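Peer 1: Before we start, here is the structure in question, set down as structure tokens.
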Amino acid sequence: NRGMNLENDINKSNEYYAINNIAFISKRPTPINVVKVDYSKGAKIIDAYFEKQSTTDYNGVYKGKYIDFEAKSTLSKTSFPLSNIYMHQITHLNNVINAGGIAFFIIEFAMHKEIYLVDAKIIINFFKNEERKSIPYSYIKENCPLLRQSLNPRIDYIEEVEKNYFLKEQ
């Protein structure tokens, strides 16, 4: 369940953003095909399979602009392993960027108790170069915004989306 705390905090942040009419971001469900259901004690799925590869964890709208991102957590103190990301996710986020949307990763370094917003272009470039199997923690720390963590929102990623994708346009 690594990353579930991160996703729970993002979900709570998204609730906060929606309630306060700041942004409307949703967790994208994983597409499954149900094969067998046990109705003896309510409806319990007992056999299912993934219909297709899911793309990313979250998508929605902020200030009229489409946002799409993936949330990842690592226990590594020194780097973020690129093996945590799948090629179909890279393709999807690249398509989002090419269509004019905002695409990024929220990466948690659990051992440091730090969460960063990493522009998808950075991850895509590391993938394309194939020189490394990971992105050094020091690179992310120096080049990506650290996300503020508080009670509400739990992880204020919209604050950094505003700074990095909207204020830079002006």
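Order determines the names: the first chain of the structure tokens is A, the second B, and so forth; residues in each chain are numbered 1 upward, and ligands are numbered 1 upward as they are shown.
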Please return as a VMD selection string: the residues of chain A that backbone DSSP assigns to strand (DSSP E).

Peer 2: chain A and resid 24 to 27 32 to 38 44 to 50 58 to 62 65 to 74 79 to 81 102 to 109 114 to 119 134 to 136

Peer 1: So that I can check the surroundings of segment 102-117 of chain A, please list as a PyMOL selection string every protein, DNA and RNA residue that reaches within 7 Å of it, counting only C-alpha atoms and ignoring chain neighbours fewer than 2 positions away.

Peer 2: chain A and resi 66-77+93+96-97+100+119-120+144-147

Peer 1: Could the residues in this selection be written to a file with C-alpha atoms, as a CSV table (one decimal), in the first residue's frame?

Peer 2:
chain,number,residue,atom,x,y,z
A,66,TYR,CA,-7.0,20.5,-18.4
A,67,ILE,CA,-4.7,19.0,-15.8
A,68,ASP,CA,-3.5,15.4,-15.8
A,69,PHE,CA,-1.0,13.9,-13.3
A,70,GLU,CA,0.4,10.7,-11.7
A,71,ALA,CA,1.2,10.3,-8.0
A,72,LYS,CA,4.2,8.2,-7.0
A,73,SER,CA,5.9,7.5,-3.7
A,74,THR,CA,9.4,6.1,-3.1
A,75,LEU,CA,11.2,4.9,0.0
A,76,SER,CA,14.6,5.7,-1.7
A,77,LYS,CA,16.5,8.5,0.0
A,93,LEU,CA,1.3,12.6,-20.6
A,96,VAL,CA,-1.7,15.8,-22.9
A,97,ILE,CA,1.2,18.3,-23.2
A,100,GLY,CA,-2.1,22.1,-24.6
A,119,ASP,CA,6.8,18.6,-14.6
A,120,ALA,CA,6.1,15.7,-16.9
A,144,CYS,CA,11.3,21.0,-8.8
A,145,PRO,CA,9.0,22.9,-6.4
A,146,LEU,CA,8.5,21.4,-2.9
A,147,LEU,CA,4.8,21.1,-2.2

Peer 1: Which is closer to Ile85 of chain A than all the others in A:Lys44, A:Asp38, A:Glu7, A:Lys133, using only C-alpha atoms?

Peer 2: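 Comparing A:Lys44, A:Asp38, A:Glu7, A:Lys133 against Ile85 of chain A, the winner is A:Lys133.
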
Peer 1: Quick check, in Å to one decimal: how far apart do atom CA of Thr91 of chain A and atom CA of Tyr62 of chain A lie?

Peer 2: 22.2 Å

Peer 1: Would you mind telling me which residue in A:His92, A:Ser26, A:Tyr86, A:Ile124 lies nearest to Asp57 of chain A when using only C-alpha atoms?

Peer 2: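 Once distances to Asp57 of chain A are computed over only C-alpha atoms, the minimum belongs to A:Ser26.
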
Peer 1: Have a look at atom CA of Tyr17 of chain A and atom CA of Asn143 of chain A and let me know their distance in Å, one decimal.

Peer 2: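 Atom-to-atom, atom CA of Tyr17 of chain A to atom CA of Asn143 of chain A, that is 25.8 Å.
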
Peer 1: In Å to one decimal, how far is atom CA of Glu162 of chain A from atom CA of Phe80 of chain A?

Peer 2: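 Rounded to one decimal, the two atoms are 24.5 Å apart.
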
Peer 1: Which one of A:Thr78, A:Ile10, A:Val118, A:Arg28 sits closest to Asn164 of chain A if you count only C-alpha atoms?

Peer 2: A:Val118
